[in-house]
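Containing compact mmCIF, C-alpha atoms: coords_10.txt.
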```
# COMPACT_ATOMS: atom_id res chain seq x y z
CA MET A 1 15.53 3.66 -18.79
CA SER A 2 15.77 5.58 -15.50
CA GLU A 3 16.32 4.38 -11.94
CA ILE A 4 13.68 3.91 -9.24
CA ALA A 5 14.28 4.50 -5.54
CA ILE A 6 12.51 2.11 -3.16
CA VAL A 7 12.21 3.78 0.24
CA GLY A 8 12.36 1.06 2.90
CA ALA A 9 13.98 -2.37 3.04
CA GLY A 10 11.67 -4.45 5.24
CA GLY A 11 9.24 -7.19 4.29
CA HIS A 12 6.93 -4.93 2.32
CA ALA A 13 9.85 -3.54 0.31
CA LYS A 14 10.79 -7.09 -0.67
CA VAL A 15 7.25 -7.67 -1.95
CA VAL A 16 7.35 -4.45 -3.97
CA VAL A 17 10.73 -5.27 -5.51
CA GLU A 18 9.57 -8.79 -6.39
CA SER A 19 6.54 -7.27 -8.12
CA LEU A 20 8.79 -4.94 -10.12
CA LEU A 21 10.98 -7.85 -11.16
CA GLU A 22 7.94 -9.86 -12.31
CA ARG A 23 7.09 -7.16 -14.84
CA THR A 24 8.89 -6.12 -17.98
CA MET A 25 11.37 -3.88 -16.20
CA GLU A 26 10.81 -0.19 -16.81
CA PHE A 27 13.99 0.65 -14.87
CA SER A 28 17.70 0.05 -15.31
CA LYS A 29 18.46 0.10 -11.58
CA ILE A 30 16.64 -0.18 -8.25
CA VAL A 31 18.07 1.96 -5.45
CA VAL A 32 16.96 0.74 -2.01
CA LEU A 33 17.05 3.40 0.73
CA ASP A 34 16.93 2.26 4.35
CA GLU A 35 17.58 3.77 7.80
CA LYS A 36 20.79 1.79 8.26
CA VAL A 37 23.21 -0.30 6.26
CA ILE A 38 21.13 -3.23 5.06
CA THR A 39 22.30 -6.65 6.24
CA ASP A 40 19.34 -8.78 5.12
CA ASP A 41 20.70 -11.52 2.83
CA TYR A 42 17.65 -11.19 0.56
CA TRP A 43 19.09 -8.12 -1.13
CA LYS A 44 22.34 -9.92 -1.91
CA LYS A 45 20.48 -12.72 -3.71
CA VAL A 46 18.34 -10.60 -6.05
CA GLU A 47 19.64 -11.00 -9.58
CA PHE A 48 19.20 -7.43 -10.72
CA ASN A 49 21.06 -4.14 -10.58
CA ILE A 50 20.23 -3.10 -7.01
CA GLU A 51 22.13 -0.45 -5.06
CA LEU A 52 21.75 -0.24 -1.28
CA CYS A 53 21.96 3.20 0.33
CA PRO A 54 21.25 4.65 3.80
CA SER A 55 18.13 6.83 3.99
CA ALA A 56 20.35 9.84 4.68
CA ASN A 57 20.71 9.91 0.89
CA LEU A 58 16.94 10.28 0.48
CA LEU A 59 16.87 13.77 -0.99
CA GLY A 60 20.21 13.40 -2.73
CA CYS A 61 19.16 10.27 -4.60
CA GLN A 62 19.24 10.89 -8.35
CA ALA A 63 16.64 8.23 -9.26
CA GLY A 64 13.97 9.64 -11.57
CA HIS A 65 11.16 7.73 -9.83
CA PHE A 66 10.40 6.59 -6.29
CA HIS A 67 8.04 4.33 -4.37
CA VAL A 68 7.68 4.34 -0.58
CA ALA A 69 7.52 0.65 0.39
CA ILE A 70 6.64 0.91 4.08
CA GLY A 71 3.51 -0.67 5.54
CA HIS A 72 2.78 1.89 8.27
CA ASN A 73 0.35 4.42 6.82
CA LYS A 74 1.45 7.62 8.55
CA THR A 75 5.15 6.87 8.00
CA ARG A 76 4.47 6.18 4.32
CA GLU A 77 2.64 9.49 4.00
CA THR A 78 5.46 11.45 5.68
CA LEU A 79 8.22 9.86 3.60
CA ALA A 80 6.29 10.21 0.34
CA SER A 81 6.02 13.95 0.88
CA LYS A 82 9.70 14.24 1.81
CA THR A 83 10.99 12.09 -1.04
CA GLY A 84 8.98 14.00 -3.62
CA GLU A 85 10.86 17.18 -2.73
CA ASN A 86 13.74 16.22 -5.03
CA GLY A 87 11.49 16.26 -8.09
CA ALA A 88 11.32 12.47 -8.58
CA ILE A 89 8.10 10.98 -9.94
CA GLU A 90 6.02 8.95 -7.47
CA TRP A 91 5.51 5.55 -9.09
CA SER A 92 2.74 2.99 -8.55
CA VAL A 93 3.64 -0.71 -8.63
CA PHE A 94 1.17 -3.40 -9.74
CA HIS A 95 1.95 -7.10 -9.68
CA PRO A 96 1.11 -8.69 -13.06
CA GLN A 97 -1.11 -11.24 -11.31
CA ALA A 98 -3.35 -8.54 -9.84
CA MET A 99 -6.72 -8.01 -11.55
CA ILE A 100 -7.26 -4.27 -11.96
CA SER A 101 -10.29 -2.95 -13.80
CA GLY A 102 -9.57 -0.53 -16.59
CA ALA A 103 -12.50 1.46 -15.21
CA SER A 104 -10.75 2.06 -11.88
CA VAL A 105 -8.54 5.00 -10.88
CA ILE A 106 -5.41 4.48 -8.77
CA GLY A 107 -3.40 7.29 -7.21
CA SER A 108 0.35 7.74 -7.51
CA GLY A 109 2.64 5.71 -5.26
CA SER A 110 0.12 2.93 -4.67
CA PHE A 111 0.87 -0.79 -4.62
CA VAL A 112 -1.41 -3.66 -5.70
CA ALA A 113 -0.10 -7.12 -4.83
CA ALA A 114 -0.47 -10.51 -6.50
CA GLY A 115 -3.95 -12.03 -6.36
CA SER A 116 -5.68 -8.76 -5.55
CA ILE A 117 -8.78 -7.50 -7.35
CA ILE A 118 -9.70 -3.86 -7.97
CA GLY A 119 -13.27 -3.60 -9.28
CA PRO A 120 -14.74 -1.22 -11.86
CA GLY A 121 -15.59 2.29 -10.75
CA THR A 122 -13.27 2.07 -7.74
CA GLN A 123 -10.93 4.91 -6.81
CA LEU A 124 -7.78 4.39 -4.74
CA GLY A 125 -6.02 7.44 -3.35
CA ARG A 126 -2.32 8.21 -3.29
CA GLY A 127 0.09 5.82 -1.58
CA CYS A 128 -2.38 3.00 -0.92
CA ILE A 129 -1.51 -0.67 -0.40
CA VAL A 130 -3.87 -3.40 -1.55
CA ASN A 131 -2.10 -6.49 -0.32
CA HIS A 132 -2.10 -10.14 -1.44
CA ASN A 133 -5.51 -11.60 -2.33
CA ALA A 134 -7.42 -8.54 -1.09
CA VAL A 135 -10.58 -7.43 -2.90
CA VAL A 136 -11.68 -3.83 -3.36
CA ASP A 137 -14.94 -4.32 -5.22
CA HIS A 138 -16.82 -2.01 -7.55
CA ASP A 139 -17.43 1.67 -6.80
CA CYS A 140 -15.36 1.87 -3.62
CA ARG A 141 -13.67 5.12 -2.63
CA VAL A 142 -10.43 4.63 -0.71
CA GLY A 143 -8.58 7.66 0.65
CA ASN A 144 -4.87 8.40 0.63
CA PHE A 145 -2.29 6.18 2.38
CA CYS A 146 -4.62 3.35 3.35
CA HIS A 147 -3.59 -0.29 3.76
CA VAL A 148 -5.98 -3.09 2.78
CA ALA A 149 -4.23 -6.10 4.31
CA PRO A 150 -3.98 -9.63 2.82
CA GLY A 151 -7.23 -11.47 2.26
CA SER A 152 -9.52 -8.62 3.28
CA VAL A 153 -12.62 -7.66 1.32
CA LEU A 154 -14.26 -4.31 0.70
CA CYS A 155 -17.63 -5.05 -0.85
CA GLY A 156 -19.22 -2.68 -3.36
CA GLY A 157 -19.63 1.00 -2.62
CA VAL A 158 -17.51 1.17 0.55
CA THR A 159 -16.06 4.60 1.40
CA VAL A 160 -12.74 4.64 3.24
CA GLY A 161 -11.11 7.74 4.75
CA GLU A 162 -7.38 8.46 4.86
CA ARG A 163 -4.68 6.38 6.62
CA VAL A 164 -7.12 3.56 7.38
CA LEU A 165 -5.81 0.08 8.20
CA ILE A 166 -8.08 -2.82 7.26
CA GLY A 167 -6.68 -5.94 8.93
CA ALA A 168 -6.00 -9.28 7.34
CA GLY A 169 -9.12 -11.25 6.46
CA ALA A 170 -11.54 -8.48 7.45
CA THR A 171 -14.79 -7.94 5.53
CA VAL A 172 -16.65 -4.66 5.08
CA ILE A 173 -20.20 -5.04 3.77
CA PRO A 174 -21.54 -2.84 0.93
CA GLY A 175 -22.08 0.88 1.46
CA ILE A 176 -20.20 1.21 4.76
CA LYS A 177 -18.16 4.33 5.58
CA LEU A 178 -14.85 4.12 7.45
CA GLY A 179 -13.54 7.37 8.96
CA ASN A 180 -10.01 8.73 8.77
CA ASP A 181 -7.29 6.93 10.78
CA CYS A 182 -9.53 4.09 11.93
CA VAL A 183 -8.35 0.49 12.33
CA ILE A 184 -10.34 -2.61 11.42
CA GLY A 185 -9.05 -5.68 13.25
CA ALA A 186 -8.02 -8.88 11.51
CA GLY A 187 -11.00 -11.08 10.67
CA ALA A 188 -13.57 -8.45 11.64
CA VAL A 189 -16.91 -8.20 9.83
CA VAL A 190 -17.95 -4.55 9.60
CA VAL A 191 -21.71 -4.03 9.32
CA LYS A 192 -22.00 -0.39 10.42
CA ASP A 193 -20.13 2.87 9.81
CA VAL A 194 -16.87 3.31 11.73
CA PRO A 195 -16.02 6.75 13.22
CA ALA A 196 -12.67 8.38 12.61
CA GLY A 197 -9.79 7.38 14.87
CA THR A 198 -11.49 4.30 16.35
CA THR A 199 -10.60 0.61 16.33
CA PHE A 200 -13.31 -1.93 15.48
CA VAL A 201 -12.84 -5.68 16.04
CA GLY A 202 -14.92 -8.85 16.11
CA THR A 203 -17.92 -10.32 14.31
CA PRO A 204 -19.99 -8.25 13.94
CA ALA A 205 -17.35 -5.58 14.49
CA ASP A 206 -17.76 -3.12 17.35
CA LYS A 207 -15.61 -0.46 18.97
CA LEU A 208 -12.77 -2.02 20.92
CA ASP A 209 -13.46 -0.29 24.26
CA ARG A 210 -17.08 -1.50 24.21
CA ILE A 211 -15.98 -5.10 23.71
CA ARG A 212 -13.56 -4.94 26.63
```
As structure tokens, what does this structure read like?
Amino acid sequence: MSEIAIVGAGGHAKVVVESLLERTMEFSKIVVLDEKVITDDYWKKVEFNIELCPSANLLGCQAGHFHVAIGHNKTRETLASKTGENGAIEWSVFHPQAMISGASVIGSGSFVAAGSIIGPGTQLGRGCIVNHNAVVDHDCRVGNFCHVAPGSVLCGGVTVGERVLIGAGATVIPGIKLGNDCVIGAGAVVVKDVPAGTTFVGTPADKLDRIR
């Protein structure tokens, strides 16, 4: 078995590592790469072969696989491109309690958390996060490096651009299109298309500057 490098050591990295440990381990060691020397006691308590390294070792890491476990979409995209330069394989992580249709397609480096549902005919791009208890229903198209936050719902046939953040508990009704780099606020109910680079909040959701 080879090693896997987890890039990041914050809260999301903990969730990713826990998901790896819940599965039949494909890896003999987890190497955790962070910006500084990690002091969080969590990493000392994990009963597995985990090595902690500063992120300066990013390209020199010899792990055969990697996963960028950082919640911020643009940062995750940047680090995924940089980490892949050493020839390591970008690895997706799925919690065993996630329900993922065999008729879905999920890009490399993505993460699907416990309690999440990925419906049939859905396509997730590279480096996506579908967080705890989120639903991406049938026939959705989700672009690269998006984050579907805990408890949010994409109903059937939703199209999502790249680097989109869908806030916790938000709902997007069927057939809606979300443009690149837009943000959907927590608890919002989206009933119309959202242009690229905008923030929509509220119920029904509207552009933030119009609500103010």
Residue nearest Ala88 of chain A among A:Ser19, A:Gln123, A:Ser108, A:Thr203 (counting all atoms listed in the file):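 The answer is A:Ser108, which sits nearest to Ala88 of chain A.
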To one decimal place in Å, what is the distance between atom CA of Gln97 of chain A and atom CA of Phe66 of chain A?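 Atom CA of Phe66 of chain A lies 21.8 Å from atom CA of Gln97 of chain A.
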List every residue of segment 74-157 of chain A that has an atom at most 10 Å from any atom of segment 1-13 of chain A, and for each one report the closest atom pair and its distance in Å to one decimal, counting all atoms listed in the file, with rows sorted by chain and then by increasing residue number, as a tab-separated table.
```
residue	atom	partner	partner_atom	distance
A:Arg76	CA	A:Val7	CA	9.1
A:Leu79	CA	A:Val7	CA	8.0
A:Ala80	CA	A:Val7	CA	8.7
A:Thr83	CA	A:Val7	CA	8.5
A:Ala88	CA	A:Ile4	CA	8.9
A:Ile89	CA	A:Ile4	CA	9.0
A:Glu90	CA	A:Ile4	CA	9.3
A:Trp91	CA	A:Ile4	CA	8.3
A:Ile129	CA	A:His12	CA	9.8
A:Asn131	CA	A:His12	CA	9.5
```
d(atom CA of Gly151 of chain A, atom CA of Val183 of chain A) in Å: 15.7 Å
Using all atoms listed in the file, which of A:Lys82, A:Arg163, A:Lys14, A:Lys29 sits nearest Lys45 of chain A? A:Lys14
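A straight line drawn from atom CA of Lys177 of chain A to atom CA of Val201 of chain A is 15.4 Å long.
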Using only C-alpha atoms for the distances, tell me which of A:Gly179, A:Gly109, A:Leu124, A:Ala63 is nearest to Val136 of chain A.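 That would be A:Leu124, the residue with the smallest distance to Val136 of chain A.
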Which of these residues is nearest to Gly115 of chain A, using all atoms listed in the file: A:Pro150, A:Gly161, A:Gly143, A:Gly197? A:Pro150
Which residues of segment 66-138 of chain A have any atom within 12 Å of an atom in segment 166-170 of chain A when counting only C-alpha atoms, and what is the closest pair of atoms for each, with the distance in Å to one decimal? Order the rows by chain and rising number and write it as CSV.
```
residue,atom,partner,partner_atom,distance
A:Gly71,CA,A:Ile166,CA,11.9
A:His72,CA,A:Ile166,CA,11.9
A:Asn73,CA,A:Ile166,CA,11.1
A:Cys128,CA,A:Ile166,CA,11.5
A:Ile129,CA,A:Ile166,CA,10.3
A:Val130,CA,A:Ile166,CA,9.8
A:Asn131,CA,A:Ala168,CA,9.0
A:His132,CA,A:Ala168,CA,9.6
A:Asn133,CA,A:Gly169,CA,9.5
A:Ala134,CA,A:Gly169,CA,8.2
A:Val135,CA,A:Gly169,CA,10.2
A:Val136,CA,A:Ile166,CA,11.3
```
I need every residue sitting at most 9 Å from the point (14.6, -11.6, -0.8) (coordinates as in the file, all atoms listed in the file considered), written as a PDB file with C-alpha atoms, in the frame of the given file.
```pdb
ATOM      1  CA  GLY A  11       9.240  -7.190   4.290  1.00  0.00           C
ATOM      2  CA  LYS A  14      10.790  -7.090  -0.670  1.00  0.00           C
ATOM      3  CA  VAL A  15       7.250  -7.670  -1.950  1.00  0.00           C
ATOM      4  CA  VAL A  17      10.730  -5.270  -5.510  1.00  0.00           C
ATOM      5  CA  GLU A  18       9.570  -8.790  -6.390  1.00  0.00           C
ATOM      6  CA  ASP A  40      19.340  -8.780   5.120  1.00  0.00           C
ATOM      7  CA  ASP A  41      20.700 -11.520   2.830  1.00  0.00           C
ATOM      8  CA  TYR A  42      17.650 -11.190   0.560  1.00  0.00           C
ATOM      9  CA  TRP A  43      19.090  -8.120  -1.130  1.00  0.00           C
ATOM     10  CA  LYS A  44      22.340  -9.920  -1.910  1.00  0.00           C
ATOM     11  CA  LYS A  45      20.480 -12.720  -3.710  1.00  0.00           C
ATOM     12  CA  VAL A  46      18.340 -10.600  -6.050  1.00  0.00           C
TER      13      VAL A  46
END
```
Please list as an MDAnalysis selection string every residue within 9 Å of Pro120 of chain A, counting all atoms listed in the file and excluding residues in the same chain fewer than 4 positions away. chainID A and resid 100:105 137:140
Dump of C-alpha atoms for the selected residues, as a PDB file, in the frame of the given file:
```pdb
ATOM      1  CA  ILE A 100      -7.260  -4.270 -11.960  1.00  0.00           C
ATOM      2  CA  SER A 101     -10.290  -2.950 -13.800  1.00  0.00           C
ATOM      3  CA  GLY A 102      -9.570  -0.530 -16.590  1.00  0.00           C
ATOM      4  CA  ALA A 103     -12.500   1.460 -15.210  1.00  0.00           C
ATOM      5  CA  SER A 104     -10.750   2.060 -11.880  1.00  0.00           C
ATOM      6  CA  VAL A 105      -8.540   5.000 -10.880  1.00  0.00           C
ATOM      7  CA  ASP A 137     -14.940  -4.320  -5.220  1.00  0.00           C
ATOM      8  CA  HIS A 138     -16.820  -2.010  -7.550  1.00  0.00           C
ATOM      9  CA  ASP A 139     -17.430   1.670  -6.800  1.00  0.00           C
ATOM     10  CA  CYS A 140     -15.360   1.870  -3.620  1.00  0.00           C
TER      11      CYS A 140
END
```
For Ile117 of chain A, which residue among A:Thr75, A:Ser152, A:Ser92, A:Asn86 is the nearest when counting all atoms listed in the file? A:Ser152
From the list A:His95, A:His147, A:Arg126, A:Lys74, which residue is nearest Arg23 of chain A when using only C-alpha atoms?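 Nearest candidate to Arg23 of chain A out of A:His95, A:His147, A:Arg126, A:Lys74: A:His95.
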With a distance cut-off of 6 Å and only C-alpha atoms, select the neighbouring residues of Arg141 of chain A, excluding the residue or stretch itself and same-chain residues fewer than 3 positions from it, and output the selection as a ChimeraX atom specification. /A:122-123,159-160
Neighbour list for Asp209 of chain A as a PyMOL selection string, cut-off 10 Å, all atoms listed in the file, skip fewer than 4 positions in-chain: chain A and resi 198-201
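Around Asp206 of chain A, within 12 Å and counting all atoms listed in the file, the residues found are Val183, Ile184, Gly185, Ala188, Val189, Val190, Val191, Lys192, Asp193, Val194, Pro195, Thr198, Thr199, Phe200, Val201, Gly202, Arg210, Ile211 and Arg212 of chain A, once anything fewer than 4 positions away on its own chain is removed.
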